[in-house]
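S.K.: Let me give you the structure first, and then I'll get to my questions.
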Amino acid sequence: MKVFHCDHCENLIFFENSVCVRCGHALAYLPDLGVTGSLDKGGDGLWRSPLPRAKGVAYRLCENYTAHDVCNWAVPSTDPNPFCVSCRLNKTIPNLGKPGNREAWYKMEVAKRRLVYSLLALRLPVASKVDDPEAGLAFEFLEDPEDPTAPRVLTGHDGGLITLNIAEADDAERERRRTQMHEQYRTLLGHFRHEIGHYYWDRLIGNSAHLDGFRDLFGDERADYGEALKKHYADGPPPAWRDSFISTYATSHAWEDWAETWAHYLHMTDLLETTVDCGLTLRPRRAGDPEMKPSPKLVAIKPSAFDAMIESWYALTYVLNNLNRGMGLADGYPFVLSQPVVEKLRFVHEVIAAHAASLGKA
């Protein structure tokens, strides 16, 4: 995630902000420009950005911005869709008449917008099922039925439809589930990044030239998925799982190994982009300690960028965990990257880079 500043007063602003706290100007994320910036009223309900590269472009605020205050993205006025490129992916939203649901939905939308930001930056295909019924993407945010005997809502992916249980927006409930499932890490953004990994397996790996390479690293996805999950929940992960997998859940099936690794790659690219934009460097006092020299090349979508990315990632997580421990918090990065996991991450990077290259220059 990049660092943003108000175009009117240069105040530091964040990706989720909708108003500059210093000058009071309205803010919005402009997907066509890739920035969160200030807006001036332009008449007829339209807005304009003071950025030179936005000259002549008018914007509308996303309908979920104006009607529900759960979004802060804008839409070019030439686009007839009332929703931004993130909100138009929604198929089902929670019942807003129920207390607490709007707040839960807001948290989900914050995480989803961060996901969509990364997908657009990586030049990955992001089309709604309305525009592309066969290969498009859709989200539904559902809650468990009031009848305790009825089936619970399961978070998952099916043919481009990603379902999330809004109970995951409750921090206490999510922590309870994390503990129950013996997970190292469980966040809303992590859920989005994991489930979208399944979607991109269908789009970028299945029936592609990458399939043999995938099977060499992750295993054969043709193994019975239901039986694999049953075995995983009954027996748990193998004792030496850390030698080859990023998480215990990744051991259950090749598809889950891919989704867990994909999510981890998005963690890396997001944090490294923030590191680069903040100008963070790490100059160790002792030879051999982690060193980091941020460069825009760290987040380049090129196969050759991966080695520098992973080297800086080790340094960044070293700092992150030490800072967290200084605050009495759990490690912000509770993972160990074995060499086989690093090679899986490299494969994800190369698949994304190959797709970007197929699109030509932006």
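Naming scheme: A, B, ... for chains in displayed order of the structure tokens; residues 1 onward per chain; ligands 1 onward as shown.
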For A:Asn321, find every residue with an atom within 7 Å (counting only C-alpha atoms), except residues of its own chain fewer than 2 positions away, and show them as a ChimeraX atom specification.
M.R.: /A:317-319,323-325,331-333
S.K.: So which residues touch stretch 37-42 of chain A within 9 Å, counting only C-alpha atoms, skipping near sequence neighbours fewer than 2 positions away, as a PDB file with all heavy atoms, in the first residue's frame?
M.R.:
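The resulting file, out_24.pdb, is shown below:
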ATOM      1  N   PHE A   4      -0.236   8.175   1.077  1.00  0.00           N
ATOM      2  CA  PHE A   4      -0.946   9.232   0.353  1.00  0.00           C
ATOM      3  C   PHE A   4      -0.932  10.538   1.146  1.00  0.00           C
ATOM      4  O   PHE A   4      -0.810  10.545   2.374  1.00  0.00           O
ATOM      5  CB  PHE A   4      -2.391   8.807   0.097  1.00  0.00           C
ATOM      6  CG  PHE A   4      -2.516   7.508  -0.649  1.00  0.00           C
ATOM      7  CD1 PHE A   4      -2.934   6.349  -0.005  1.00  0.00           C
ATOM      8  CD2 PHE A   4      -2.201   7.433  -1.999  1.00  0.00           C
ATOM      9  CE1 PHE A   4      -3.047   5.143  -0.684  1.00  0.00           C
ATOM     10  CE2 PHE A   4      -2.322   6.235  -2.692  1.00  0.00           C
ATOM     11  CZ  PHE A   4      -2.739   5.089  -2.033  1.00  0.00           C
ATOM     12  N   HIS A   5      -1.079  11.659   0.401  1.00  0.00           N
ATOM     13  CA  HIS A   5      -1.143  12.985   1.014  1.00  0.00           C
ATOM     14  C   HIS A   5      -2.267  13.783   0.357  1.00  0.00           C
ATOM     15  O   HIS A   5      -2.567  13.597  -0.823  1.00  0.00           O
ATOM     16  CB  HIS A   5       0.178  13.735   0.840  1.00  0.00           C
ATOM     17  CG  HIS A   5       1.325  13.097   1.559  1.00  0.00           C
ATOM     18  ND1 HIS A   5       2.050  12.064   1.020  1.00  0.00           N
ATOM     19  CD2 HIS A   5       1.853  13.335   2.796  1.00  0.00           C
ATOM     20  CE1 HIS A   5       2.988  11.689   1.883  1.00  0.00           C
ATOM     21  NE2 HIS A   5       2.889  12.443   2.958  1.00  0.00           N
ATOM     22  N   CYS A   6      -2.865  14.665   1.142  1.00  0.00           N
ATOM     23  CA  CYS A   6      -3.923  15.534   0.621  1.00  0.00           C
ATOM     24  C   CYS A   6      -3.353  16.452  -0.452  1.00  0.00           C
ATOM     25  O   CYS A   6      -2.293  17.072  -0.258  1.00  0.00           O
ATOM     26  CB  CYS A   6      -4.524  16.343   1.769  1.00  0.00           C
ATOM     27  SG  CYS A   6      -5.777  17.539   1.233  1.00  0.00           S
ATOM     28  N   ASP A   7      -4.044  16.564  -1.571  1.00  0.00           N
ATOM     29  CA  ASP A   7      -3.562  17.395  -2.677  1.00  0.00           C
ATOM     30  C   ASP A   7      -3.697  18.891  -2.389  1.00  0.00           C
ATOM     31  O   ASP A   7      -3.129  19.710  -3.098  1.00  0.00           O
ATOM     32  CB  ASP A   7      -4.350  17.072  -3.954  1.00  0.00           C
ATOM     33  CG  ASP A   7      -4.385  15.582  -4.235  1.00  0.00           C
ATOM     34  OD1 ASP A   7      -3.313  14.999  -4.363  1.00  0.00           O
ATOM     35  OD2 ASP A   7      -5.492  15.012  -4.297  1.00  0.00           O
ATOM     36  N   HIS A   8      -4.464  19.244  -1.337  1.00  0.00           N
ATOM     37  CA  HIS A   8      -4.652  20.657  -1.012  1.00  0.00           C
ATOM     38  C   HIS A   8      -3.705  21.153   0.075  1.00  0.00           C
ATOM     39  O   HIS A   8      -3.174  22.256  -0.019  1.00  0.00           O
ATOM     40  CB  HIS A   8      -6.104  20.911  -0.576  1.00  0.00           C
ATOM     41  CG  HIS A   8      -7.070  20.952  -1.704  1.00  0.00           C
ATOM     42  ND1 HIS A   8      -7.628  19.818  -2.251  1.00  0.00           N
ATOM     43  CD2 HIS A   8      -7.571  22.000  -2.418  1.00  0.00           C
ATOM     44  CE1 HIS A   8      -8.435  20.166  -3.245  1.00  0.00           C
ATOM     45  NE2 HIS A   8      -8.427  21.475  -3.372  1.00  0.00           N
ATOM     46  N   ILE A  13      -2.534  11.287   4.718  1.00  0.00           N
ATOM     47  CA  ILE A  13      -3.854  10.661   4.783  1.00  0.00           C
ATOM     48  C   ILE A  13      -3.699   9.163   4.570  1.00  0.00           C
ATOM     49  O   ILE A  13      -2.675   8.698   4.070  1.00  0.00           O
ATOM     50  CB  ILE A  13      -4.831  11.243   3.737  1.00  0.00           C
ATOM     51  CG1 ILE A  13      -4.253  11.118   2.317  1.00  0.00           C
ATOM     52  CG2 ILE A  13      -5.178  12.686   4.053  1.00  0.00           C
ATOM     53  CD1 ILE A  13      -5.173  11.617   1.214  1.00  0.00           C
ATOM     54  N   SER A  18     -11.945   9.452   4.316  1.00  0.00           N
ATOM     55  CA  SER A  18     -12.913  10.092   3.418  1.00  0.00           C
ATOM     56  C   SER A  18     -12.930  11.610   3.574  1.00  0.00           C
ATOM     57  O   SER A  18     -13.537  12.297   2.761  1.00  0.00           O
ATOM     58  CB  SER A  18     -14.323   9.536   3.655  1.00  0.00           C
ATOM     59  OG  SER A  18     -14.704   9.701   4.998  1.00  0.00           O
ATOM     60  N   VAL A  19     -12.255  12.125   4.610  1.00  0.00           N
ATOM     61  CA  VAL A  19     -12.159  13.573   4.833  1.00  0.00           C
ATOM     62  C   VAL A  19     -10.763  13.882   5.360  1.00  0.00           C
ATOM     63  O   VAL A  19     -10.242  13.158   6.221  1.00  0.00           O
ATOM     64  CB  VAL A  19     -13.209  14.074   5.857  1.00  0.00           C
ATOM     65  CG1 VAL A  19     -13.020  15.572   6.129  1.00  0.00           C
ATOM     66  CG2 VAL A  19     -14.622  13.816   5.362  1.00  0.00           C
ATOM     67  N   CYS A  20     -10.142  14.929   4.847  1.00  0.00           N
ATOM     68  CA  CYS A  20      -8.851  15.367   5.377  1.00  0.00           C
ATOM     69  C   CYS A  20      -9.086  16.074   6.708  1.00  0.00           C
ATOM     70  O   CYS A  20      -9.850  17.041   6.770  1.00  0.00           O
ATOM     71  CB  CYS A  20      -8.154  16.303   4.394  1.00  0.00           C
ATOM     72  SG  CYS A  20      -6.592  16.981   5.026  1.00  0.00           S
ATOM     73  N   HIS A  25     -11.235  18.861   3.213  1.00  0.00           N
ATOM     74  CA  HIS A  25     -11.634  18.470   1.870  1.00  0.00           C
ATOM     75  C   HIS A  25     -12.074  17.007   1.843  1.00  0.00           C
ATOM     76  O   HIS A  25     -11.545  16.165   2.574  1.00  0.00           O
ATOM     77  CB  HIS A  25     -10.482  18.664   0.877  1.00  0.00           C
ATOM     78  CG  HIS A  25     -10.408  20.042   0.313  1.00  0.00           C
ATOM     79  ND1 HIS A  25      -9.760  21.082   0.949  1.00  0.00           N
ATOM     80  CD2 HIS A  25     -10.914  20.560  -0.838  1.00  0.00           C
ATOM     81  CE1 HIS A  25      -9.853  22.177   0.219  1.00  0.00           C
ATOM     82  NE2 HIS A  25     -10.556  21.890  -0.879  1.00  0.00           N
ATOM     83  N   ALA A  26     -13.040  16.738   0.977  1.00  0.00           N
ATOM     84  CA  ALA A  26     -13.466  15.357   0.772  1.00  0.00           C
ATOM     85  C   ALA A  26     -12.326  14.577   0.130  1.00  0.00           C
ATOM     86  O   ALA A  26     -11.572  15.112  -0.690  1.00  0.00           O
ATOM     87  CB  ALA A  26     -14.705  15.314  -0.115  1.00  0.00           C
ATOM     88  N   LEU A  27     -12.212  13.306   0.496  1.00  0.00           N
ATOM     89  CA  LEU A  27     -11.197  12.428  -0.056  1.00  0.00           C
ATOM     90  C   LEU A  27     -11.865  11.224  -0.701  1.00  0.00           C
ATOM     91  O   LEU A  27     -12.956  10.819  -0.296  1.00  0.00           O
ATOM     92  CB  LEU A  27     -10.242  11.928   1.038  1.00  0.00           C
ATOM     93  CG  LEU A  27      -9.503  12.970   1.875  1.00  0.00           C
ATOM     94  CD1 LEU A  27      -8.735  12.276   3.003  1.00  0.00           C
ATOM     95  CD2 LEU A  27      -8.544  13.779   1.005  1.00  0.00           C
ATOM     96  N   ALA A  28     -11.213  10.663  -1.673  1.00  0.00           N
ATOM     97  CA  ALA A  28     -11.698   9.432  -2.291  1.00  0.00           C
ATOM     98  C   ALA A  28     -10.534   8.733  -2.952  1.00  0.00           C
ATOM     99  O   ALA A  28      -9.555   9.375  -3.376  1.00  0.00           O
ATOM    100  CB  ALA A  28     -12.789   9.714  -3.321  1.00  0.00           C
ATOM    101  N   TYR A  29     -10.638   7.413  -3.045  1.00  0.00           N
ATOM    102  CA  TYR A  29      -9.652   6.661  -3.812  1.00  0.00           C
ATOM    103  C   TYR A  29     -10.087   6.687  -5.272  1.00  0.00           C
ATOM    104  O   TYR A  29     -11.251   6.415  -5.594  1.00  0.00           O
ATOM    105  CB  TYR A  29      -9.537   5.221  -3.317  1.00  0.00           C
ATOM    106  CG  TYR A  29      -8.494   4.441  -4.081  1.00  0.00           C
ATOM    107  CD1 TYR A  29      -7.140   4.731  -3.932  1.00  0.00           C
ATOM    108  CD2 TYR A  29      -8.862   3.431  -4.981  1.00  0.00           C
ATOM    109  CE1 TYR A  29      -6.173   4.043  -4.656  1.00  0.00           C
ATOM    110  CE2 TYR A  29      -7.903   2.738  -5.698  1.00  0.00           C
ATOM    111  CZ  TYR A  29      -6.559   3.043  -5.528  1.00  0.00           C
ATOM    112  OH  TYR A  29      -5.610   2.368  -6.248  1.00  0.00           O
ATOM    113  N   LEU A  30      -9.151   7.030  -6.149  1.00  0.00           N
ATOM    114  CA  LEU A  30      -9.414   7.124  -7.583  1.00  0.00           C
ATOM    115  C   LEU A  30      -8.712   5.960  -8.266  1.00  0.00           C
ATOM    116  O   LEU A  30      -7.503   6.016  -8.540  1.00  0.00           O
ATOM    117  CB  LEU A  30      -8.898   8.457  -8.132  1.00  0.00           C
ATOM    118  CG  LEU A  30      -9.307   9.713  -7.334  1.00  0.00           C
ATOM    119  CD1 LEU A  30      -8.658  10.962  -7.936  1.00  0.00           C
ATOM    120  CD2 LEU A  30     -10.817   9.847  -7.283  1.00  0.00           C
ATOM    121  N   VAL A  35      -4.589   6.467  -6.630  1.00  0.00           N
ATOM    122  CA  VAL A  35      -4.266   7.321  -5.483  1.00  0.00           C
ATOM    123  C   VAL A  35      -5.521   7.616  -4.664  1.00  0.00           C
ATOM    124  O   VAL A  35      -6.639   7.631  -5.188  1.00  0.00           O
ATOM    125  CB  VAL A  35      -3.639   8.665  -5.920  1.00  0.00           C
ATOM    126  CG1 VAL A  35      -2.339   8.447  -6.663  1.00  0.00           C
ATOM    127  CG2 VAL A  35      -4.613   9.486  -6.765  1.00  0.00           C
ATOM    128  N   ASP A  44     -23.393  19.605 -10.462  1.00  0.00           N
ATOM    129  CA  ASP A  44     -24.187  18.461 -10.936  1.00  0.00           C
ATOM    130  C   ASP A  44     -23.861  17.178 -10.182  1.00  0.00           C
ATOM    131  O   ASP A  44     -23.946  16.073 -10.733  1.00  0.00           O
ATOM    132  CB  ASP A  44     -23.987  18.235 -12.442  1.00  0.00           C
ATOM    133  CG  ASP A  44     -24.481  19.406 -13.279  1.00  0.00           C
ATOM    134  OD1 ASP A  44     -25.489  20.020 -12.880  1.00  0.00           O
ATOM    135  OD2 ASP A  44     -23.851  19.690 -14.307  1.00  0.00           O
ATOM    136  N   GLY A  45     -23.468  17.331  -8.915  1.00  0.00           N
ATOM    137  CA  GLY A  45     -23.151  16.167  -8.105  1.00  0.00           C
ATOM    138  C   GLY A  45     -21.831  15.512  -8.451  1.00  0.00           C
ATOM    139  O   GLY A  45     -21.536  14.412  -7.963  1.00  0.00           O
ATOM    140  N   LEU A  46     -21.040  16.148  -9.289  1.00  0.00           N
ATOM    141  CA  LEU A  46     -19.753  15.594  -9.704  1.00  0.00           C
ATOM    142  C   LEU A  46     -18.609  16.231  -8.932  1.00  0.00           C
ATOM    143  O   LEU A  46     -18.756  17.287  -8.318  1.00  0.00           O
ATOM    144  CB  LEU A  46     -19.551  15.798 -11.208  1.00  0.00           C
ATOM    145  CG  LEU A  46     -20.599  15.150 -12.116  1.00  0.00           C
ATOM    146  CD1 LEU A  46     -20.271  15.443 -13.577  1.00  0.00           C
ATOM    147  CD2 LEU A  46     -20.681  13.643 -11.883  1.00  0.00           C
ATOM    148  N   TRP A  47     -17.472  15.570  -8.969  1.00  0.00           N
ATOM    149  CA  TRP A  47     -16.281  16.022  -8.247  1.00  0.00           C
ATOM    150  C   TRP A  47     -15.089  16.009  -9.201  1.00  0.00           C
ATOM    151  O   TRP A  47     -15.065  15.248 -10.168  1.00  0.00           O
ATOM    152  CB  TRP A  47     -15.997  15.100  -7.062  1.00  0.00           C
ATOM    153  CG  TRP A  47     -17.107  15.037  -6.057  1.00  0.00           C
ATOM    154  CD1 TRP A  47     -18.272  14.332  -6.149  1.00  0.00           C
ATOM    155  CD2 TRP A  47     -17.153  15.718  -4.812  1.00  0.00           C
ATOM    156  NE1 TRP A  47     -19.046  14.523  -5.040  1.00  0.00           N
ATOM    157  CE2 TRP A  47     -18.386  15.367  -4.184  1.00  0.00           C
ATOM    158  CE3 TRP A  47     -16.288  16.573  -4.131  1.00  0.00           C
ATOM    159  CZ2 TRP A  47     -18.755  15.847  -2.939  1.00  0.00           C
ATOM    160  CZ3 TRP A  47     -16.652  17.053  -2.882  1.00  0.00           C
ATOM    161  CH2 TRP A  47     -17.866  16.696  -2.296  1.00  0.00           C
ATOM    162  N   ARG A  48     -14.098  16.846  -8.866  1.00  0.00           N
ATOM    163  CA  ARG A  48     -12.884  16.895  -9.683  1.00  0.00           C
ATOM    164  C   ARG A  48     -11.655  16.835  -8.793  1.00  0.00           C
ATOM    165  O   ARG A  48     -11.641  17.373  -7.692  1.00  0.00           O
ATOM    166  CB  ARG A  48     -12.857  18.164 -10.553  1.00  0.00           C
ATOM    167  CG  ARG A  48     -13.997  18.205 -11.566  1.00  0.00           C
ATOM    168  CD  ARG A  48     -13.867  19.356 -12.537  1.00  0.00           C
ATOM    169  NE  ARG A  48     -14.992  19.394 -13.467  1.00  0.00           N
ATOM    170  CZ  ARG A  48     -15.077  18.669 -14.575  1.00  0.00           C
ATOM    171  NH1 ARG A  48     -14.067  17.870 -14.910  1.00  0.00           N
ATOM    172  NH2 ARG A  48     -16.132  18.751 -15.359  1.00  0.00           N
ATOM    173  N   SER A  49     -10.622  16.178  -9.316  1.00  0.00           N
ATOM    174  CA  SER A  49      -9.351  16.085  -8.614  1.00  0.00           C
ATOM    175  C   SER A  49      -8.436  17.217  -9.075  1.00  0.00           C
ATOM    176  O   SER A  49      -8.396  17.526 -10.270  1.00  0.00           O
ATOM    177  CB  SER A  49      -8.680  14.742  -8.903  1.00  0.00           C
ATOM    178  OG  SER A  49      -7.316  14.756  -8.519  1.00  0.00           O
ATOM    179  N   PRO A  50      -7.687  17.851  -8.147  1.00  0.00           N
ATOM    180  CA  PRO A  50      -6.759  18.913  -8.561  1.00  0.00           C
ATOM    181  C   PRO A  50      -5.479  18.380  -9.204  1.00  0.00           C
ATOM    182  O   PRO A  50      -4.651  19.168  -9.669  1.00  0.00           O
ATOM    183  CB  PRO A  50      -6.449  19.626  -7.237  1.00  0.00           C
ATOM    184  CG  PRO A  50      -6.609  18.569  -6.193  1.00  0.00           C
ATOM    185  CD  PRO A  50      -7.734  17.691  -6.684  1.00  0.00           C
ATOM    186  N   LEU A  51      -5.305  17.060  -9.251  1.00  0.00           N
ATOM    187  CA  LEU A  51      -4.100  16.497  -9.854  1.00  0.00           C
ATOM    188  C   LEU A  51      -4.041  16.812 -11.352  1.00  0.00           C
ATOM    189  O   LEU A  51      -5.047  16.670 -12.050  1.00  0.00           O
ATOM    190  CB  LEU A  51      -4.065  14.986  -9.652  1.00  0.00           C
ATOM    191  CG  LEU A  51      -3.846  14.481  -8.225  1.00  0.00           C
ATOM    192  CD1 LEU A  51      -4.041  12.980  -8.166  1.00  0.00           C
ATOM    193  CD2 LEU A  51      -2.448  14.848  -7.737  1.00  0.00           C
ATOM    194  N   ALA A  58     -14.142  14.035 -14.580  1.00  0.00           N
ATOM    195  CA  ALA A  58     -15.083  14.261 -13.481  1.00  0.00           C
ATOM    196  C   ALA A  58     -15.407  12.921 -12.829  1.00  0.00           C
ATOM    197  O   ALA A  58     -15.375  11.870 -13.483  1.00  0.00           O
ATOM    198  CB  ALA A  58     -16.355  14.930 -14.001  1.00  0.00           C
ATOM    199  N   TYR A  59     -15.759  12.975 -11.536  1.00  0.00           N
ATOM    200  CA  TYR A  59     -16.027  11.751 -10.784  1.00  0.00           C
ATOM    201  C   TYR A  59     -17.356  11.842 -10.049  1.00  0.00           C
ATOM    202  O   TYR A  59     -17.817  12.938  -9.685  1.00  0.00           O
ATOM    203  CB  TYR A  59     -14.927  11.511  -9.737  1.00  0.00           C
ATOM    204  CG  TYR A  59     -13.561  11.242 -10.316  1.00  0.00           C
ATOM    205  CD1 TYR A  59     -12.650  12.278 -10.516  1.00  0.00           C
ATOM    206  CD2 TYR A  59     -13.175   9.944 -10.648  1.00  0.00           C
ATOM    207  CE1 TYR A  59     -11.386  12.029 -11.044  1.00  0.00           C
ATOM    208  CE2 TYR A  59     -11.905   9.691 -11.177  1.00  0.00           C
ATOM    209  CZ  TYR A  59     -11.026  10.732 -11.368  1.00  0.00           C
ATOM    210  OH  TYR A  59      -9.782  10.486 -11.893  1.00  0.00           O
TER     211      TYR A  59
END
S.K.: Please tabulate, as a Markdown table, the residues of stretch 234-254 of chain A that come within 12 Å of stretch 263-272 of chain A, each with its closest pair of atoms and the distance in Å to one decimal, counting only C-alpha atoms and ordering rows by chain, then residue number upward.
M.R.:
| residue | atom | partner | partner_atom | distance |
| --- | --- | --- | --- | --- |
| A:Phe245 | CA | A:His264 | CA | 11.4 |
| A:Ile246 | CA | A:His264 | CA | 8.3 |
| A:Ser247 | CA | A:His264 | CA | 10.1 |
| A:Ala250 | CA | A:Ala263 | CA | 11.1 |
S.K.: Let me see the file: selected residues, C-alpha atoms, as a CSV table (one decimal), in the first residue's frame.
M.R.:
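Saved as again-v5.csv:
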chain,number,residue,atom,x,y,z
A,245,PHE,CA,4.4,-25.6,4.0
A,246,ILE,CA,3.5,-22.0,5.1
A,247,SER,CA,0.8,-23.2,7.5
A,250,ALA,CA,-1.7,-25.7,3.5
S.K.: What residues in stretch 51-238 of chain A get the DSSP label strand (DSSP E)? Please answer as a list in words.
M.R.: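 Of stretch 51-238 of chain A, the ones in strand (DSSP E) are Ala58, Tyr59, Arg60, Leu61, Ala74, Val75, Pro76, Asn90, Lys91, Thr92, Ala138, Phe139, Glu140, Phe141, Leu142, Gly156, His157, Asp158, Leu161, Ile162, Thr163, Leu164 and Asn165 of chain A.
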S.K.: What's the separation between atom CA of A:Ser118 and atom CA of A:His355, in Å to one decimal place?
M.R.: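 We find that atom CA of A:Ser118 and atom CA of A:His355 lie 14.7 Å from each other.
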S.K.: Could you tell me how far atom CA of A:Cys62 sits from atom CA of A:Ala74, in Å to one decimal place?
M.R.: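 Spanning atom CA of A:Ala74 to atom CA of A:Cys62 is a straight-line distance of 5.3 Å.
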S.K.: From the list A:Leu154, A:Ala254, A:Ala240, A:Ala354, which residue is nearest A:Glu221 when using only C-alpha atoms?
M.R.: A:Ala254
S.K.: Mind checking DSSP for stretch 75-166 of chain A and telling me the helix (DSSP H, G or I) residues as a PyMOL selection string?
M.R.: chain A and resi 87-89+101-121+166
S.K.: Just to confirm, what's the straight-line distance from atom CA of A:Ala121 to atom CA of A:Leu345 in Å (one decimal)?
M.R.: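 About the pair atom CA of A:Ala121 and atom CA of A:Leu345: they are 17.9 Å apart.
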